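Report on one structure; see the data block that follows.
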Amino acid sequence: MQNFRIIIVLIILISLSIPCYGGNRNSFTPWDFNNPEPEEKVRVSSSFPGYLLMQGVKIFTKYISPVDGDRCPMYPTCASYSLQVIKKHGFFTGFMMTAGRLIHENNEMDYAPLIKVGDRFKFYDPISNNDFWWYDSDNLDN
Amino acid sequence: MQKLLVNVTVLGFIFLLIICPQEGRGGEKDDTGNQFGYAESLFKEGDFYRAITEYKRFIFFFPEEKKTEKCYFRIGESYFKARKWTEAIDALNVFMAKFPYSSMTDDALYLKGMAEKDLKKYDDALSTFEKIIKTSSGEYRNKAIYQSALVLVDMEKWKRASETFSKIPEESVLSPAARVFSSGLENIDNLPRKSPVTAGTLSAIVPGAGHLYAERPRDALVAFLLNGAFIWAAVELFDDEKYVAGGVVTFFELGWYTGNIYSAVSSAHKYNKRVKDEFLQNLRSRCSLSYYHDNKRSSNYLILSMRF
């Protein structure tokens with residue numbers, strides 16, 4: 001009987017406290033000053049060659065890269081950059097820009113800003129750093 | 001004994017449930033001065049998120065109070081200081097619609113223009129600053145002209161920007177900075193440039209040559225070696241009648257070759273952008289204009305700093 005009374009009291013207390021958390025979670029959350037900008041919306045490539053190329057890159061990242069080790073000094077890594085650029089610009093431009101990234105990463109380290117990724121510093125070279133001169137500047141990633 | 005303990009605990013909870021809401025309602029009894037003062041103290045602390053809530057609370061509880069005008073302005077200013085540009089523009093528009101003849105209208109227009117500038121809504125920013133230029137006089141007008149010129153710099157309309165800077169009268173404190181900008185922008189066309197067409201053409205003829213032209217020697221070496229190795233491998237494979245392997249290598253070589261041209265063109269664009277950005281950054285750092293709010297006097301200031 002006593003335990004039953006305790007349970008009843010607890011149920012009443014818990015149900016009284018529910019409305020406190022019933023509102024929109026974000027309405028009581030201060031702004032996130034570190035991430036004020038919305039994420040970039042990119043066109044997603046749906047072509048078959050693009051899909052094949054992306055699968056190739058994914059196979060590389062899944063099976064070869066872990067053996068080869070984390071050697072890429074850039075952020076995003078060349079494989080990740082490749083996936084992003086194929087998604088954004090399709091097969092032909094994606095293929096060309098991926099090769100361009102592999103070629104230009106040496107001197108890019110003289111100019112690219114450093115950012116901390118995990119416990120390592122990497123050179124920041126996003127897609128917008130390489131397509132700013134022809135792609136709509138409103139869609140630049142930050 | 002245990003029964004007594006349970007009863008005391010239950011009664012204790014019920015007591016707390018009764019007491020807590022009454023404590024909460026006690027806050028509503030604040031007079032207007034305290035309520036506004038609390039909002040102002042949050043604003044001064046830089047806790048803009050909560051300051052906005054308190055200004056809104058003041059407006060809700062005391063809609064007829066004179067200070068509501070300041071509250072509406074402060075909401076916009078808080079959003080602006082928190083770098084919430086879109087919300088700042090909306091809040092400042094609400095303020096200007098509610099108090100069209102307010103003495104803070106120029107401040108509101110200025111903040112709105114700055115927010116539009118940061119959102120890269122350049123045409124809107126120009127039209128907002130134009131309103132200040134038309135309706136105000138003195139230093140407020142001059143700083144609106146100065147900001148219009150900076151918007152034109154961001155739009156890369158160098159000639160118009162230079163002309164706008166020169167509109168600032170010589171007696172203005174902004175005049176020396178405007179002169180530095182104006183004369184600097186006249187030289188912007190003389191900055192060193194690399195032609196993307198030349199870079200691309202050179203890399204198409206000899207892989208890596210475009211990179212060398214764009215002052216990226218290590219990239220040039222990588223492009224040359226990669227393309228050279230793949231072309232050599234493809235030629236050897238076709239010579240040995242290994243057409244499938246030759247085709248695969250040629251496919252990858254096409255990637256290297258086009259990537260080499262793309263990268264060379266991109267390098268030339270990056271070079272031009274870097275030179276231009278450094279030039280403008282140098283101009284901006286030589287004469288920077290910043291906005292400052294004096295919490296003690298509750299006044300807004302414009303600070304001009306110049307490097308010699």
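Following the order of the structure tokens, first chain is A, next is B, and so on, with residues numbered from 1 inside each chain and ligands from 1 in the order they appear.
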* Would you list the contacts of B:Gly200 as a PyMOL selection string, taking every protein, DNA or RNA residue within 12 Å and counting only C-alpha atoms, but skipping same-chain residues closer than 5 positions in sequence? => chain B and resi 194-195+205-214+257-269
* Expected answer as a ChimeraX atom specification: chain A residues within 6 Å of chain B, only C-alpha atoms -> /A:96-97,99-100,103-104,106-107
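Note that atom CA of B:Ala245 and atom CA of B:Ile231 are 12.6 Å apart.
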* **Which of stretch 45-129 of chain A DSSP labels strand (DSSP E), written as a list in words** => Met74, Tyr75, Leu114, Ile115, Lys116, Val117, Arg120, Phe121, Lys122, Phe123 and Tyr124 of chain A
* Pick from B:Asp118, B:Glu40, B:Glu241, B:Glu236, whichever lies nearest to B:Trp85 using only C-alpha atoms -> B:Asp118
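Residues in contact with stretch 149-155 of chain B at 7 Å, where only C-alpha atoms are counted and same-chain residues fewer than 4 positions away are skipped, are listed as Lys117, Tyr122, Ile145, Arg160, Ala161, Thr164 and Phe165 of chain B.
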* Asked: Which residues, written as a PyMOL selection string, have at least one atom at most 12 Å from B:Gly33, with only C-alpha atoms counted and residues fewer than 6 positions away on the same chain left out?
  -> chain B and resi 39-41+58+62+65-68
* Those of stretch 40-178 of chain B in DSSP helix (DSSP H, G or I), formatted as number ranges by chain -> B: 40-45, 48-61, 68-81, 85-98, 105-118, 122-135, 139-154, 158-165, 175-178
* To do: Would you mind listing what lies within 10 Å of stretch 73-90 of chain A as number ranges by chain, with only C-alpha atoms counted and same-chain residues fewer than 5 positions away left out?
  => A: 41-51, 53-58, 60-61, 65, 95-99, 101-102, 105-106, 108-109, 112, 114-117, 120-128, 131, 135
* **B:Gly246 surroundings by only C-alpha atoms, 9 Å radius, close-in-sequence under 5 positions cut, as a PyMOL selection string** => chain B and resi 233-238+241+251
Would you mind exporting the chosen residues as a short mmCIF file (atom, residue, chain, number, x, y, z; two decimals), in the first residue's frame, restricted to N, CA and C atoms?
```cif
data_model
loop_
_atom_site.label_atom_id
_atom_site.label_comp_id
_atom_site.auth_asym_id
_atom_site.auth_seq_id
_atom_site.Cartn_x
_atom_site.Cartn_y
_atom_site.Cartn_z
N ALA B 233 52.99 5.78 -70.69
CA ALA B 233 52.43 4.44 -70.44
C ALA B 233 51.41 4.08 -71.50
N ALA B 234 50.54 5.03 -71.87
CA ALA B 234 49.50 4.75 -72.87
C ALA B 234 50.13 4.43 -74.22
N VAL B 235 51.15 5.21 -74.60
CA VAL B 235 51.82 4.98 -75.89
C VAL B 235 52.47 3.58 -75.91
N GLU B 236 53.16 3.25 -74.82
CA GLU B 236 53.82 1.94 -74.73
C GLU B 236 52.81 0.80 -74.84
N LEU B 237 51.68 0.95 -74.13
CA LEU B 237 50.66 -0.11 -74.11
C LEU B 237 50.04 -0.29 -75.50
N PHE B 238 49.76 0.82 -76.17
CA PHE B 238 49.19 0.71 -77.52
C PHE B 238 50.21 0.12 -78.49
N GLU B 241 50.20 -3.44 -78.36
CA GLU B 241 48.87 -3.94 -78.74
C GLU B 241 48.04 -4.40 -77.54
N PHE B 251 42.02 6.78 -70.38
CA PHE B 251 40.88 7.36 -69.67
C PHE B 251 41.38 8.19 -68.48
#
```
* In Å, with one decimal, what is the gap from atom CA of B:Ala144 to atom CA of B:Asp107? ->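 Pair atom CA of B:Ala144 / atom CA of B:Asp107 returns 10.6 Å.
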